[in-house]
Structure formats: C-alpha cells, structure tokens
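The block underneath contains the structure these notes are about, expressed in structure tokens.
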Amino acid sequence: MEIETKAVHSGYSPDPTTKAVAVPIYQTTAYAFDDTQHGADLFNLAVLGNIYSRIMNPTNDVLEQRITDMEGGAAGLALASGQAATTYAIQTIAEAGDNFISMSTLYGGTYNLFAHTFPQMGIKVRFADPENLDAMAALIDGKTKAVYCESLGNPAGNVVDIARVCEIAHAHGARSNTARISWCTR
C-alpha cells in the first residue's frame, strides 16, 4: 500500500455491524470486563484490551497502528505531548544508576526534565556539545543507555548530525533501530 492509503485505512476494518468505514471516536473513560478474571488479566497485561482511556483507547489504537504501519515500525504509542514521549522513552530503557547522553541544545522543559527530574530518580544525564560530537565519545560508559538529541536544537536552531551521533554511539556499543530516530540506545 502507498503511504496515503495507509494513512487512511491502516489499523481499522469496517465495523461488522454498521459497516461504517470511519474510525469512531470513543470518549468513554472506563470499560466493562467480562468477569473478574478478565479484569485481572487486563490489569496484569496478560491479555490485550481496554482498561481505562488514559492507558488505552480504541480510537488511539487505530492512530498508533496507522503511524506504525506508515513508518514500518513494530508498534507505536500515542501520547499527549512530546514531553510525555521523551519521559516514557527514557524511563523505558534507563533505571536508577544508569545514564544517558543528551545534546545540550534542548527545549527548556526537556532540559529541566533531564537536569533536575531524572537525577531525582537516579538517572543521570551527561550533556554533550552538538558542535563537538567527537567529545561525546568520552561521556559514554557501560551504564549509558541512550544518546538523545532534538534534531533541530533549541534555542540555537542548530541541525544535529544524527548519522554522526549514531555512528559514535554505535562505535561505543549503543544501537538504534532506524536512522530516522533522533536518539540511539544501548
């Protein structure tokens, strides 16, 4: 399928009862469980399904599937903000005692998250100068879980050489899944 077709049709099949082809907008906040075991299985993540709209919603699910399909990914997660996505991404791969490298040119909220909030959780950030990427290598150690950058730095407006960042990270044991990601993980 072409990307335009994926954007319109991925992740959703016509409703078998109504035959509606448009994705319904589900505004409900809670969902019914078949029985207590079904509820327990959902909360234990043993089965897929809806629990509460802040966690999962059928409308969001279609969006996540469409974007995943268009990007050729394995899965997707739609969040309310880029800040939430950044937080989830780092917390998924790092824990207390770990660190990650970040370019120093960042949106102010991201800088505060990295410089103040994550250290309170025991996750340290080491800031690198995006104009001196070769110096970044010295910041990487066995506890480094990611290299993060905003592809267009804030407030400088600098364009980060993502390929070079990933090349350096890979040379020191980190990996990334695609060249389009603006950070590389170990």
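Residue numbers start at 1 in each chain; chains themselves are named A, B, ... in the order of the structure tokens; ligands are numbered from 1 in the order shown.
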Taking a cut-off of 10 Å and counting only C-alpha atoms, can you build a table that, for each residue of stretch 91-113 of chain A near stretch 142-147 of chain A, reports the nearest atom pair and how far apart they are in Å (one decimal), sorted by chain then residue number, as JSON lines?
```
{"residue": "A:Ile93", "atom": "CA", "partner": "A:Lys145", "partner_atom": "CA", "distance": 6.5}
{"residue": "A:Ala94", "atom": "CA", "partner": "A:Lys145", "partner_atom": "CA", "distance": 6.1}
{"residue": "A:Glu95", "atom": "CA", "partner": "A:Lys145", "partner_atom": "CA", "distance": 9.2}
{"residue": "A:Gly97", "atom": "CA", "partner": "A:Lys143", "partner_atom": "CA", "distance": 7.4}
{"residue": "A:Asp98", "atom": "CA", "partner": "A:Lys143", "partner_atom": "CA", "distance": 4.9}
{"residue": "A:Asn99", "atom": "CA", "partner": "A:Thr144", "partner_atom": "CA", "distance": 4.8}
{"residue": "A:Phe100", "atom": "CA", "partner": "A:Ala146", "partner_atom": "CA", "distance": 4.8}
{"residue": "A:Ile101", "atom": "CA", "partner": "A:Val147", "partner_atom": "CA", "distance": 4.6}
{"residue": "A:Ser102", "atom": "CA", "partner": "A:Val147", "partner_atom": "CA", "distance": 5.7}
{"residue": "A:Met103", "atom": "CA", "partner": "A:Val147", "partner_atom": "CA", "distance": 8.1}
```
TODO: Identify all residues of stretch 63-133 of chain A in strand (DSSP E or B) (DSSP on the backbone) and supply them as an MDAnalysis selection string.
DONE: chainID A and resid 99:103 124:128
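Within the 12 Å cut-off around stretch 2-12 of chain A, using only C-alpha atoms and omitting residues fewer than 3 positions from it on the same chain, the listed residues are Asp15, Pro16, Lys19, Ala20, Val21, Ala22, Val23, Pro24, Pro58, Thr59, Asn60, Asp61, Val62, Leu63, Glu64, Gln65, Arg66, Ile67, Thr68, Asp69, Met70, Glu71, Gly72, Ala75 and Gly76 of chain A.
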Expected file: the selected residues, N, CA and C atoms, as a CSV table (one decimal), in the first residue's frame:
```
chain,number,residue,atom,x,y,z
A,15,ASP,N,-16.7,-1.6,10.5
A,15,ASP,CA,-17.4,-2.2,11.6
A,15,ASP,C,-18.3,-3.3,11.1
A,16,PRO,N,-18.3,-4.5,11.6
A,16,PRO,CA,-19.1,-5.6,11.1
A,16,PRO,C,-20.6,-5.4,11.2
A,19,LYS,N,-21.1,-1.5,9.3
A,19,LYS,CA,-20.4,-1.3,8.1
A,19,LYS,C,-19.7,0.1,7.9
A,20,ALA,N,-19.7,0.8,9.0
A,20,ALA,CA,-19.1,2.2,9.0
A,20,ALA,C,-17.6,2.0,8.7
A,21,VAL,N,-17.1,2.8,7.8
A,21,VAL,CA,-15.6,2.8,7.4
A,21,VAL,C,-14.8,3.8,8.1
A,22,ALA,N,-15.5,4.8,8.7
A,22,ALA,CA,-14.7,5.8,9.5
A,22,ALA,C,-14.5,5.3,10.9
A,23,VAL,N,-13.3,5.7,11.5
A,23,VAL,CA,-13.0,5.3,12.8
A,23,VAL,C,-13.9,6.1,13.8
A,24,PRO,N,-14.6,5.3,14.7
A,24,PRO,CA,-15.4,6.1,15.7
A,24,PRO,C,-14.5,6.7,16.7
A,58,PRO,N,-9.7,2.7,22.0
A,58,PRO,CA,-9.8,2.1,20.6
A,58,PRO,C,-9.5,3.2,19.5
A,59,THR,N,-9.8,4.4,19.7
A,59,THR,CA,-9.5,5.4,18.7
A,59,THR,C,-8.0,5.7,18.7
A,60,ASN,N,-7.4,5.8,19.8
A,60,ASN,CA,-5.9,5.9,19.9
A,60,ASN,C,-5.2,4.7,19.3
A,61,ASP,N,-5.8,3.6,19.5
A,61,ASP,CA,-5.2,2.3,19.0
A,61,ASP,C,-5.1,2.4,17.4
A,62,VAL,N,-6.1,2.9,16.8
A,62,VAL,CA,-6.1,3.0,15.3
A,62,VAL,C,-5.0,4.0,14.9
A,63,LEU,N,-4.9,5.1,15.6
A,63,LEU,CA,-3.9,6.1,15.3
A,63,LEU,C,-2.5,5.4,15.4
A,64,GLU,N,-2.3,4.7,16.5
A,64,GLU,CA,-1.0,4.1,16.8
A,64,GLU,C,-0.6,3.1,15.7
A,65,GLN,N,-1.6,2.3,15.3
A,65,GLN,CA,-1.4,1.3,14.2
A,65,GLN,C,-1.1,1.9,12.9
A,66,ARG,N,-1.8,3.0,12.6
A,66,ARG,CA,-1.6,3.7,11.3
A,66,ARG,C,-0.2,4.3,11.2
A,67,ILE,N,0.2,5.0,12.3
A,67,ILE,CA,1.5,5.6,12.2
A,67,ILE,C,2.6,4.5,12.2
A,68,THR,N,2.4,3.4,13.0
A,68,THR,CA,3.4,2.3,13.0
A,68,THR,C,3.5,1.7,11.6
A,69,ASP,N,2.4,1.5,10.9
A,69,ASP,CA,2.4,1.0,9.5
A,69,ASP,C,3.1,1.9,8.6
A,70,MET,N,2.7,3.2,8.7
A,70,MET,CA,3.3,4.2,7.7
A,70,MET,C,4.9,4.3,7.9
A,71,GLU,N,5.3,4.1,9.2
A,71,GLU,CA,6.7,4.2,9.5
A,71,GLU,C,7.5,2.9,9.4
A,72,GLY,N,6.7,1.8,9.1
A,72,GLY,CA,7.3,0.5,9.0
A,72,GLY,C,7.9,0.0,10.4
A,75,ALA,N,5.6,-1.3,16.6
A,75,ALA,CA,4.5,-0.9,17.5
A,75,ALA,C,4.6,0.7,17.7
A,76,GLY,N,3.5,1.2,18.1
A,76,GLY,CA,3.5,2.7,18.4
A,76,GLY,C,2.8,3.0,19.6
```
Could you tell me which of A:Ile140, A:Ile90, A:Leu79, A:Val160 comes closest to A:Met121 if we count only C-alpha atoms?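 Under the stated criterion, the closest residue is A:Ile90.
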In terms of the shortest atom-to-atom distance over only C-alpha atoms, which of A:Asp34, A:Asp161, A:Glu167, A:Glu131 is closest to A:Ile51?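 The answer is A:Asp34, which sits nearest to A:Ile51.
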Skipping near chain neighbours, those fewer than 5 positions away, what residues fall within 10 Å of A:Gly108 using only C-alpha atoms, listed as a list in words?
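So the residues in contact are Leu113, Phe114, Asn154 and Pro155 of chain A.
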Which parts of stretch 64-153 of chain A does DSSP call helix (DSSP H, G or I) when run on the backbone here, written out as number ranges by chain?
-> A: 64-71, 82-93, 108-120, 133-139
Quick one: distance from atom CA of A:Ala128 to atom CA of A:Ser104 in Å, one decimal?
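That distance, rounded to one decimal, is 5.6 Å.
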message: At a cut-off of 10 Å, using only C-alpha atoms, what residues contact A:Gly49? Leave out same-chain residues fewer than 6 positions from it and give the result as a PyMOL selection string.
response: chain A and resi 31+33+38-39+41-43+56-58
re atom CA of A:Leu45 and atom CA of A:Gly82: distance 25.0 Å
